[in-house]
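A.B. asks: So here's target16.csv (CSV, C-alpha atoms).
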chain,number,residue,atom,x,y,z
A,1,ASN,CA,-59.3,173.1,102.6
A,2,GLN,CA,-57.5,173.2,105.9
A,3,ARG,CA,-60.7,173.8,107.8
A,4,LEU,CA,-62.4,170.9,105.9
A,5,LEU,CA,-59.4,168.7,106.8
A,6,ALA,CA,-59.6,169.7,110.5
A,7,ALA,CA,-63.3,169.0,110.6
A,8,ARG,CA,-62.9,165.6,109.0
A,9,SER,CA,-60.1,164.7,111.3
A,10,ARG,CA,-62.5,165.0,114.3
A,11,ARG,CA,-64.6,162.2,112.9
A,12,LYS,CA,-64.1,158.5,113.6
A,13,GLN,CA,-61.6,157.4,110.9
A,14,PRO,CA,-62.3,154.3,108.7
A,15,GLY,CA,-60.4,151.2,109.3
A,16,THR,CA,-57.3,150.3,107.4
A,17,ASP,CA,-57.0,147.0,105.6
A,18,ASP,CA,-53.6,145.9,106.8
A,19,LYS,CA,-53.6,142.2,105.9
A,20,VAL,CA,-50.8,140.9,103.7
A,21,LEU,CA,-51.7,138.7,100.7
A,22,ALA,CA,-49.2,136.4,99.1
A,23,ALA,CA,-50.4,137.0,95.5
A,24,TRP,CA,-50.5,140.8,95.7
A,25,ASN,CA,-47.0,140.9,97.3
A,26,GLY,CA,-45.7,138.6,94.6
A,27,LEU,CA,-46.7,141.2,92.0
A,28,MET,CA,-45.1,144.0,94.1
A,29,LEU,CA,-41.9,141.9,94.5
A,30,ALA,CA,-41.7,141.6,90.7
A,31,GLY,CA,-42.2,145.4,90.2
A,32,LEU,CA,-39.6,146.3,92.8
A,33,ALA,CA,-37.0,143.8,91.5
A,34,GLU,CA,-37.5,144.8,87.8
A,35,THR,CA,-37.4,148.5,88.6
A,36,GLY,CA,-34.2,148.1,90.7
A,37,ARG,CA,-32.6,146.0,88.0
A,38,VAL,CA,-33.4,148.4,85.1
A,39,LEU,CA,-32.6,151.6,87.0
A,40,GLY,CA,-29.7,150.2,89.0
A,41,GLU,CA,-31.4,151.4,92.2
A,42,SER,CA,-30.3,149.4,95.2
A,43,ARG,CA,-33.1,150.7,97.4
A,44,TYR,CA,-35.8,149.0,95.3
A,45,LEU,CA,-33.9,145.7,95.4
A,46,ASP,CA,-33.3,146.1,99.2
A,47,ALA,CA,-37.1,146.6,99.7
A,48,ALA,CA,-37.8,143.6,97.5
A,49,LYS,CA,-35.4,141.3,99.4
A,50,LEU,CA,-36.8,142.5,102.7
A,51,ALA,CA,-40.3,141.8,101.6
A,52,ALA,CA,-39.4,138.4,100.2
A,53,GLU,CA,-37.7,137.4,103.4
A,54,ALA,CA,-40.8,138.4,105.4
A,55,LEU,CA,-43.2,136.5,103.1
A,56,ILE,CA,-41.1,133.3,103.2
A,57,GLU,CA,-40.7,133.5,107.0
A,58,ARG,CA,-44.4,134.0,107.7
A,59,LEU,CA,-46.2,132.2,104.8
A,60,VAL,CA,-44.2,129.2,103.8
A,61,ARG,CA,-44.9,126.2,106.0
A,62,SER,CA,-42.3,123.6,107.0
A,63,ASP,CA,-43.7,121.1,104.5
A,64,GLY,CA,-43.2,123.6,101.6
A,65,SER,CA,-46.8,124.6,101.2
A,66,LEU,CA,-47.9,128.2,101.3
A,67,LEU,CA,-50.4,130.2,103.3
A,68,ARG,CA,-52.4,133.0,101.7
A,69,THR,CA,-52.5,135.8,104.2
A,70,PHE,CA,-51.0,137.2,107.5
A,71,ARG,CA,-52.0,140.0,109.7
A,72,GLY,CA,-50.1,141.0,112.8
A,73,HIS,CA,-48.5,137.8,114.1
A,74,GLN,CA,-51.1,135.4,112.6
A,75,ALA,CA,-50.8,133.7,109.2
A,76,LYS,CA,-53.8,131.6,108.0
A,77,VAL,CA,-55.8,130.3,105.0
A,78,PRO,CA,-54.2,127.7,102.7
A,79,ALA,CA,-53.0,129.6,99.6
A,80,PHE,CA,-54.8,129.6,96.2
A,81,LEU,CA,-53.2,129.0,92.9
A,82,GLU,CA,-52.8,132.7,92.3
A,83,ASP,CA,-50.8,133.0,95.5
A,84,TYR,CA,-48.2,130.4,94.4
A,85,ALA,CA,-48.1,131.7,90.8
A,86,HIS,CA,-47.6,135.4,91.6
A,87,LEU,CA,-45.2,134.8,94.5
A,88,VAL,CA,-43.0,132.6,92.2
A,89,HIS,CA,-43.2,135.4,89.6
A,90,GLY,CA,-41.8,137.8,92.1
A,91,LEU,CA,-39.1,135.5,93.3
A,92,LEU,CA,-37.9,134.8,89.7
A,93,ALA,CA,-37.8,138.6,89.1
A,94,LEU,CA,-35.7,139.0,92.2
A,95,ARG,CA,-33.4,136.2,91.1
A,96,ARG,CA,-32.9,138.0,87.7
A,97,ALA,CA,-32.1,141.2,89.5
A,98,THR,CA,-29.8,139.9,92.2
A,99,ARG,CA,-28.4,136.7,90.6
A,100,GLU,CA,-28.8,135.1,94.1
A,101,PRO,CA,-29.5,131.4,93.7
A,102,ARG,CA,-31.7,131.1,96.8
A,103,TRP,CA,-34.6,132.9,95.1
A,104,LEU,CA,-34.5,130.5,92.2
A,105,GLU,CA,-34.5,127.5,94.6
A,106,LEU,CA,-37.5,128.9,96.4
A,107,ALA,CA,-39.3,129.5,93.1
A,108,ARG,CA,-38.6,125.9,92.1
A,109,GLN,CA,-39.9,124.5,95.4
A,110,LEU,CA,-43.1,126.6,95.3
A,111,THR,CA,-43.7,125.8,91.6
A,112,ASP,CA,-43.3,122.0,92.3
A,113,ALA,CA,-45.7,122.4,95.2
A,114,ALA,CA,-48.3,124.2,93.1
A,115,ILE,CA,-48.1,121.5,90.4
A,116,SER,CA,-48.7,118.9,93.0
A,117,LEU,CA,-51.6,120.6,94.7
A,118,PHE,CA,-53.5,122.3,91.8
A,119,SER,CA,-52.8,120.5,88.5
A,120,ALA,CA,-55.7,119.2,86.5
A,121,GLU,CA,-55.9,115.8,84.8
A,122,ASN,CA,-55.3,117.0,81.2
A,123,GLY,CA,-53.2,120.1,81.9
A,124,GLY,CA,-53.9,123.4,83.5
A,125,TYR,CA,-54.6,124.1,87.1
A,126,TYR,CA,-57.5,124.5,89.5
A,127,ASP,CA,-57.9,127.7,91.4
A,128,THR,CA,-58.3,126.1,94.8
A,129,LEU,CA,-57.2,123.1,96.7
A,130,ALA,CA,-59.0,119.7,96.5
A,131,GLY,CA,-61.5,118.9,99.2
A,132,GLN,CA,-62.4,122.4,100.2
A,133,ASP,CA,-65.8,121.9,101.8
A,134,ASP,CA,-66.8,125.6,101.6
A,135,LEU,CA,-66.9,125.4,97.7
A,136,LEU,CA,-69.6,123.8,95.6
A,137,VAL,CA,-67.4,123.8,92.4
A,138,ARG,CA,-63.7,123.6,92.0
A,139,THR,CA,-63.1,126.2,89.3
A,140,ARG,CA,-60.3,126.5,86.6
A,141,SER,CA,-60.1,130.1,85.6
A,142,CYS,CA,-57.9,131.1,82.7
A,143,HIS,CA,-59.4,134.6,82.1
A,144,ASP,CA,-57.5,137.7,83.3
A,145,GLY,CA,-59.2,140.1,85.6
A,146,ALA,CA,-57.7,142.9,87.6
A,147,MET,CA,-54.7,140.5,87.9
A,148,PRO,CA,-53.4,138.0,85.4
A,149,SER,CA,-54.9,134.6,86.0
A,150,GLY,CA,-53.1,132.0,88.0
A,151,ASN,CA,-53.1,129.6,85.1
A,152,SER,CA,-51.4,132.0,82.7
A,153,GLN,CA,-48.8,133.1,85.3
A,154,MET,CA,-48.0,129.5,86.0
A,155,VAL,CA,-47.1,129.0,82.3
A,156,HIS,CA,-44.9,132.1,82.4
A,157,ASN,CA,-43.2,130.8,85.5
A,158,LEU,CA,-42.5,127.4,83.9
A,159,LEU,CA,-40.9,128.9,80.9
A,160,ASP,CA,-38.8,131.2,83.0
A,161,LEU,CA,-37.7,128.2,85.1
A,162,ALA,CA,-36.9,126.2,82.0
A,163,ALA,CA,-34.7,129.0,80.8
A,164,ALA,CA,-33.0,129.6,84.2
A,165,THR,CA,-32.3,126.0,85.1
A,166,GLY,CA,-32.0,124.2,81.8
A,167,ASP,CA,-34.7,121.7,83.0
A,168,SER,CA,-36.7,120.9,79.9
A,169,GLY,CA,-39.4,119.3,82.1
A,170,TYR,CA,-40.7,122.7,83.0
A,171,ALA,CA,-41.0,123.7,79.3
A,172,ASP,CA,-42.8,120.4,78.6
A,173,ARG,CA,-45.3,121.1,81.4
A,174,ALA,CA,-45.8,124.6,80.0
A,175,ILE,CA,-46.7,123.1,76.6
A,176,VAL,CA,-49.2,120.7,78.2
A,177,ASP,CA,-50.9,123.6,80.0
A,178,LEU,CA,-51.0,125.7,76.9
A,179,ARG,CA,-52.7,122.9,75.0
A,180,ALA,CA,-55.3,122.5,77.8
A,181,ALA,CA,-56.1,126.2,77.4
A,182,SER,CA,-56.1,126.4,73.6
A,183,SER,CA,-59.8,126.1,73.1
A,184,GLU,CA,-60.5,128.9,75.5
A,185,MET,CA,-57.8,131.0,74.0
A,186,THR,CA,-59.4,130.6,70.6
A,187,ALA,CA,-62.9,131.4,71.9
A,188,HIS,CA,-62.0,134.3,74.1
A,189,PRO,CA,-58.6,135.7,73.0
A,190,MET,CA,-59.0,139.2,74.5
A,191,ALA,CA,-59.9,137.8,77.9
A,192,MET,CA,-56.6,135.7,78.0
A,193,LEU,CA,-53.9,138.1,76.8
A,194,HIS,CA,-51.5,136.9,79.5
A,195,MET,CA,-51.8,133.4,78.3
A,196,HIS,CA,-51.3,134.5,74.7
A,197,HIS,CA,-48.2,136.3,75.8
A,198,ALA,CA,-47.0,133.0,77.4
A,199,LEU,CA,-47.7,131.2,74.1
A,200,LEU,CA,-45.4,133.7,72.3
A,201,GLY,CA,-42.7,133.0,74.8
A,202,ALA,CA,-43.1,129.2,74.3
A,203,LEU,CA,-42.9,129.6,70.5
A,204,GLU,CA,-39.8,131.8,70.9
A,205,MET,CA,-38.2,129.3,73.3
A,206,SER,CA,-38.9,126.5,70.8
A,207,ALA,CA,-37.3,128.4,67.9
A,208,MET,CA,-34.4,130.0,69.8
A,209,ARG,CA,-32.3,127.7,72.0
A,210,GLU,CA,-29.0,129.2,73.1
A,211,THR,CA,-26.2,127.7,75.1
A,212,PRO,CA,-23.2,129.8,76.5
A,213,VAL,CA,-20.7,127.1,75.4
A,214,SER,CA,-19.4,126.0,72.1
A,215,SER,CA,-21.3,123.3,70.4
A,216,GLN,CA,-22.7,122.4,67.0
A,217,PRO,CA,-26.1,124.1,66.3
A,218,SER,CA,-29.0,122.1,65.1
A,219,ARG,CA,-31.1,123.1,62.2
A,220,ARG,CA,-34.0,124.1,64.5
A,221,GLN,CA,-31.9,126.7,66.3
A,222,ALA,CA,-32.1,130.2,65.1
A,223,VAL,CA,-29.1,131.5,67.0
A,224,GLN,CA,-26.2,129.8,68.7
A,225,LEU,CA,-24.3,131.9,71.2
A,226,ARG,CA,-20.6,131.3,72.1
A,227,GLN,CA,-18.7,133.5,74.5
A,228,GLN,CA,-15.1,133.7,75.6
A,229,SER,CA,-14.4,134.3,79.3
A,230,VAL,CA,-13.7,137.9,80.2
A,231,ARG,CA,-10.0,138.6,80.4
A,232,TRP,CA,-9.5,141.0,83.2
A,233,THR,CA,-6.4,143.2,83.8
A,234,ALA,CA,-4.5,142.6,87.0
A,235,THR,CA,-6.4,145.4,88.8
A,236,LYS,CA,-9.8,144.2,87.5
A,237,ASP,CA,-10.5,147.7,86.4
A,238,ALA,CA,-10.9,146.6,82.8
A,239,GLY,CA,-11.7,143.5,80.7
A,240,ASP,CA,-12.2,142.2,77.2
A,241,LEU,CA,-15.2,140.3,76.0
A,242,SER,CA,-15.5,138.3,72.7
A,243,ILE,CA,-18.9,136.9,71.5
A,244,THR,CA,-19.7,134.7,68.5
A,245,LEU,CA,-23.2,134.4,67.1
A,246,GLU,CA,-24.0,131.7,64.6
A,247,ILE,CA,-27.3,132.6,62.9
A,248,GLY,CA,-29.3,129.9,61.3
A,249,ARG,CA,-29.4,129.7,57.5
A,250,GLU,CA,-33.1,130.8,57.2
A,251,TYR,CA,-32.7,133.6,59.7
A,252,HIS,CA,-31.2,137.1,60.1
A,253,LEU,CA,-30.7,139.5,63.0
A,254,THR,CA,-31.7,143.1,63.0
A,255,ALA,CA,-28.4,144.9,62.8
A,256,HIS,CA,-26.9,147.2,65.4
A,257,ASP,CA,-27.2,150.2,63.1
A,258,ALA,CA,-30.8,149.4,61.9
A,259,THR,CA,-33.1,152.4,61.7
A,260,ASP,CA,-36.5,150.6,61.4
A,261,ALA,CA,-38.4,151.7,64.5
A,262,GLY,CA,-40.5,148.5,64.4
A,263,GLN,CA,-37.5,146.2,65.1
A,264,THR,CA,-35.0,145.9,67.9
A,265,PRO,CA,-31.3,146.3,66.9
A,266,LEU,CA,-28.5,144.1,68.1
A,267,SER,CA,-27.0,145.7,71.2
A,268,LEU,CA,-24.5,144.8,73.9
A,269,VAL,CA,-24.9,146.9,77.1
A,270,VAL,CA,-23.5,147.0,80.7
A,271,GLU,CA,-25.3,147.9,83.9
A,272,PRO,CA,-24.9,150.0,86.0
A,273,ALA,CA,-24.0,152.3,83.1
A,274,ASP,CA,-22.8,155.1,85.4
A,275,GLN,CA,-20.2,152.8,87.0
A,276,TRP,CA,-18.9,150.9,83.9
A,277,ARG,CA,-18.3,151.8,80.3
A,278,LEU,CA,-18.6,149.2,77.5
A,279,ASP,CA,-16.9,150.0,74.2
A,280,VAL,CA,-18.3,147.6,71.6
A,281,GLN,CA,-17.1,146.8,68.1
A,282,TYR,CA,-20.0,145.5,66.1
A,283,PRO,CA,-19.6,143.6,62.8
A,284,ALA,CA,-20.4,145.3,59.5
A,285,SER,CA,-24.1,145.0,58.6
A,286,LEU,CA,-25.6,143.9,55.3
A,287,THR,CA,-28.3,145.8,53.3
A,288,LYS,CA,-31.1,143.5,52.3
A,289,ARG,CA,-34.7,143.7,50.9
A,290,TYR,CA,-37.4,141.4,52.1
A,291,PRO,CA,-40.9,140.7,50.7
A,292,LEU,CA,-42.8,142.3,53.5
A,293,GLY,CA,-40.6,145.4,53.9
A,294,ASP,CA,-41.0,148.7,52.0
A,295,GLN,CA,-37.4,149.8,52.6
A,296,PRO,CA,-34.0,148.1,52.6
A,297,GLN,CA,-33.0,146.8,56.0
A,298,GLN,CA,-29.7,146.5,57.8
A,299,VAL,CA,-29.2,142.9,59.0
A,300,HIS,CA,-26.6,140.4,60.2
A,301,GLU,CA,-26.4,136.9,58.7
A,302,GLY,CA,-24.3,133.8,59.1
A,303,GLU,CA,-21.6,133.9,61.8
A,304,ILE,CA,-20.8,137.2,63.3
A,305,GLN,CA,-18.4,138.3,66.1
A,306,LEU,CA,-18.6,141.1,68.6
A,307,SER,CA,-15.8,142.3,70.8
A,308,ALA,CA,-16.0,144.8,73.7
A,309,HIS,CA,-13.8,146.4,76.2
A,310,LEU,CA,-15.2,146.9,79.7
A,311,THR,CA,-13.8,149.7,81.9
A,312,ARG,CA,-14.6,150.5,85.6
A,313,LEU,CA,-15.6,154.1,86.1
A,314,ARG,CA,-15.8,154.2,89.9
A,315,ASP,CA,-13.8,152.6,92.7
A,316,ASP,CA,-17.0,151.5,94.5
A,317,ALA,CA,-18.6,150.1,91.3
A,318,ALA,CA,-21.0,147.2,91.8
A,319,ALA,CA,-20.5,144.0,89.9
A,320,PRO,CA,-21.1,144.6,86.2
A,321,ARG,CA,-24.0,143.0,84.4
A,322,VAL,CA,-23.6,142.6,80.6
A,323,THR,CA,-26.6,141.7,78.4
A,324,LEU,CA,-27.0,141.0,74.7
A,325,THR,CA,-30.3,141.9,73.0
A,326,TYR,CA,-31.2,140.8,69.6
A,327,GLN,CA,-34.2,140.1,67.4
A,328,THR,CA,-34.3,137.2,65.0
A,329,CYS,CA,-36.3,137.3,61.8
A,330,THR,CA,-37.1,135.3,58.7
A,331,ASP,CA,-38.0,136.7,55.3
A,332,GLN,CA,-41.7,136.7,56.4
A,333,SER,CA,-41.8,137.5,60.1
A,334,CYS,CA,-39.9,138.3,63.2
A,335,LEU,CA,-39.7,136.6,66.6
A,336,LEU,CA,-39.9,138.6,69.8
A,337,PRO,CA,-36.7,140.4,70.9
A,338,ARG,CA,-34.6,138.4,73.3
A,339,THR,CA,-32.2,139.5,76.0
A,340,VAL,CA,-29.5,137.2,77.3
A,341,GLU,CA,-27.3,137.9,80.3
A,342,LEU,CA,-23.7,136.9,79.7
A,343,PRO,CA,-21.8,135.2,82.6
A,344,LEU,CA,-18.8,137.2,83.8
A,345,GLU,CA,-16.1,135.4,85.8
Represent the structure of the file as structure tokens.
C.D. replies:
Amino acid sequence: NQRLLAARSRRKQPGTDDKVLAAWNGLMLAGLAETGRVLGESRYLDAAKLAAEALIERLVRSDGSLLRTFRGHQAKVPAFLEDYAHLVHGLLALRRATREPRWLELARQLTDAAISLFSAENGGYYDTLAGQDDLLVRTRSCHDGAMPSGNSQMVHNLLDLAAATGDSGYADRAIVDLRAASSEMTAHPMAMLHMHHALLGALEMSAMRETPVSSQPSRRQAVQLRQQSVRWTATKDAGDLSITLEIGREYHLTAHDATDAGQTPLSLVVEPADQWRLDVQYPASLTKRYPLGDQPQQVHEGEIQLSAHLTRLRDDAAAPRVTLTYQTCTDQSCLLPRTVELPLE
């Protein structure tokens, strides 16, 4: 093997494709940010932030539009829909991981630009800019390939922006885009899995609208979340957290002590787990039988309260991130599990 490598090394080596594409790097940003967030690894987040800074500096024009590629010191080619969509996806993941507002603002700016540049008359988006004289047809692709389609990723981004900003206009636009794609989704479901995933997210958002402040829940809401501010000790080495969940009359939550592997139990966790400890007191669960279940299930109904004590384990501990995960069900079916980050003062 060594001799073969030595002989091959004497040959002229193939060229390296060293151009940087906005869409591909957007996917990489999302992967690095999510990995760093889940594992608590700062090196992944640092790499994601460094890459994001480089992309913004080189590819975002002064008018807010985006270029597709750069190599060396030259950036060129007006971006396609997929470049906007996947770069925004990466920026939103980076915002979730770092909680830095600048990534959210950049994601909003690029999304607004994409809507302006690519939107079709009755919903959905064209893949390319208007007036490109090198194309005979301006396509609108919703089918996934090696990468998710730009149309489906746009819908995901709009739903994420609606959740992050509270701007219902983004959710309304997502519904318009889903309706525009509905006939294709029906005809070719397996070719549009990312769009179907977005549809599930839209349905979940419609059924489950939480606010982190006390208010009266409407009948359409499955869960209403209320949280007290964290009460820290003087040294900020510990704090107490109190959460109230008001569960709609026709709904129940999978309990914290549920054993059904097909459902997600109620859980309150802290990250980084090696730097903070969270001692949680969950409410007592109820044992219920439902028409579609073979075995009794442990659930929570009505209004429930959780309390927790947060303790610092290391002097150099990073800021804690507390998340609540739950799955809401009716007697007949369950919505997707949902994870909500709780604001800590």
A.B. asks: State, in Å with one decimal place, the distance from CA of His188 (chain A) to CA of Ile115 (chain A).
C.D. replies: 25.0 Å
A.B. asks: Can you build me a table of region 68-107 of chain A residues sitting at most 8 Å from region 123-131 of chain A, with the closest atom pair per residue and its distance in Å to one decimal, using all atoms listed in the file, sorted by chain and residue number, as a tab-separated table?
C.D. replies:
residue	atom	partner	partner_atom	distance
A:Ala79	CA	A:Thr128	CA	8.0
A:Phe80	CA	A:Thr128	CA	5.1
A:Leu81	CA	A:Asp127	CA	5.1
A:Glu82	CA	A:Asp127	CA	7.2
A.B. asks: Please compute the CA of Tyr44 (chain A)-CA of Thr323 (chain A) distance, one decimal, in Å.
C.D. replies: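 Result for CA of Tyr44 (chain A) versus CA of Thr323 (chain A): 20.6 Å, one decimal.
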A.B. asks: Enter the distance from CA of Gln327 (chain A) to CA of Thr254 (chain A), in Å, rounded to one decimal.
C.D. replies: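 One can read the CA of Gln327 (chain A) to CA of Thr254 (chain A) distance as 5.9 Å.
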A.B. asks: Step by step: start from the point (-40.9, 136.1, 94.9) in the file's coordinates, keep every protein, DNA or RNA residue that has an atom no farther than 8 Å from it, count only C-alpha atoms, and write the set as a CSV table (one decimal) with C-alpha atoms, keeping the file's coordinate frame.
C.D. replies:
chain,number,residue,atom,x,y,z
A,26,GLY,CA,-45.7,138.6,94.6
A,29,LEU,CA,-41.9,141.9,94.5
A,30,ALA,CA,-41.7,141.6,90.7
A,52,ALA,CA,-39.4,138.4,100.2
A,86,HIS,CA,-47.6,135.4,91.6
A,87,LEU,CA,-45.2,134.8,94.5
A,88,VAL,CA,-43.0,132.6,92.2
A,89,HIS,CA,-43.2,135.4,89.6
A,90,GLY,CA,-41.8,137.8,92.1
A,91,LEU,CA,-39.1,135.5,93.3
A,92,LEU,CA,-37.9,134.8,89.7
A,93,ALA,CA,-37.8,138.6,89.1
A,94,LEU,CA,-35.7,139.0,92.2
A,103,TRP,CA,-34.6,132.9,95.1
A,107,ALA,CA,-39.3,129.5,93.1
A.B. asks: Could you put an axis-aligned box around every listed atom of region 337-340 of chain A, padded by 5 Å on each side, and send me its centre and edge lengths in Å to one decimal, as AutoDock Vina command-line options?
C.D. replies:
--center_x -33.1 --center_y 138.8 --center_z 74.1 --size_x 17.2 --size_y 13.2 --size_z 16.4
A.B. asks: Please provide the set of residues having any atom within 8 Å of Lys288 (chain A), restricted to only C-alpha atoms, with same-chain residues fewer than 2 positions apart removed, written as a PyMOL selection string.
C.D. replies: chain A and resi 286+290+296-299
A.B. asks: Would you mind telling me which residue in A:Asp237, A:Glu204, A:Asp167, A:Glu121 lies nearest to Arg338 (chain A) when using all atoms listed in the file?
C.D. replies: A:Glu204
A.B. asks: Have a look at A:Leu104, A:Ala255, A:Ala238, A:Leu335 and name the one nearest to Asp315 (chain A); count only C-alpha atoms.
C.D. replies: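 Ranked by minimum distance to Asp315 (chain A), first place goes to A:Ala238.
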A.B. asks: What's around Ile175 (chain A) at 9 Å? Count all atoms listed in the file, leave out sequence neighbours fewer than 3 positions away in its own chain, and write the answer as a list in words.
C.D. replies: Gly123, Val155, Tyr170, Ala171, Asp172, Leu178, Arg179, Ala180, Leu199 and Ala202 of chain A
A.B. asks: Measuring between only C-alpha atoms, which one of A:Ala198, A:Arg99, A:Thr186, A:Ala164 shows the shortest distance to Leu344 (chain A)?
C.D. replies: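 Looking only at the distances to Leu344 (chain A), the closest residue turns out to be A:Arg99.
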A.B. asks: Within 9 Å of (-24.5, 146.2, 65.6) (coordinates as in the file), grab all the protein and nucleic acid residues, counting only C-alpha atoms, and write them out as a list of chain:residue names.
C.D. replies: A:Thr254, A:Ala255, A:His256, A:Asp257, A:Ala258, A:Pro265, A:Leu266, A:Ser267, A:Leu268, A:Val280, A:Gln281, A:Tyr282, A:Pro283, A:Ala284, A:Ser285, A:Val299, A:His300, A:Leu306
A.B. asks: For a quick check of understanding, using only C-alpha atoms, which of A:Gln275, A:Thr264, A:Asn25, A:Thr16 has the smallest distance to Pro337 (chain A)?
C.D. replies: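 Checking each candidate against Pro337 (chain A), we get A:Thr264 as the closest.
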A.B. asks: In terms of the shortest atom-to-atom distance over all atoms listed in the file, which of A:Leu161, A:Ala308, A:Ile243, A:Ala54 is closest to Leu342 (chain A)?
C.D. replies: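 Smallest separation from Leu342 (chain A) among the options: A:Ile243.
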A.B. asks: Ranking A:Arg8, A:Arg138, A:His196, A:His309 by minimum distance to Leu241 (chain A) and counting all atoms listed in the file, which one comes first?
C.D. replies: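 The answer is A:His309, which sits nearest to Leu241 (chain A).
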A.B. asks: Within 9 Å of Val340 (chain A), counting all atoms listed in the file, which residues qualify if same-chain residues fewer than 4 places away don't, as a list in words?
C.D. replies: Val322, Thr323, Leu324, Thr325 and Tyr326 of chain A
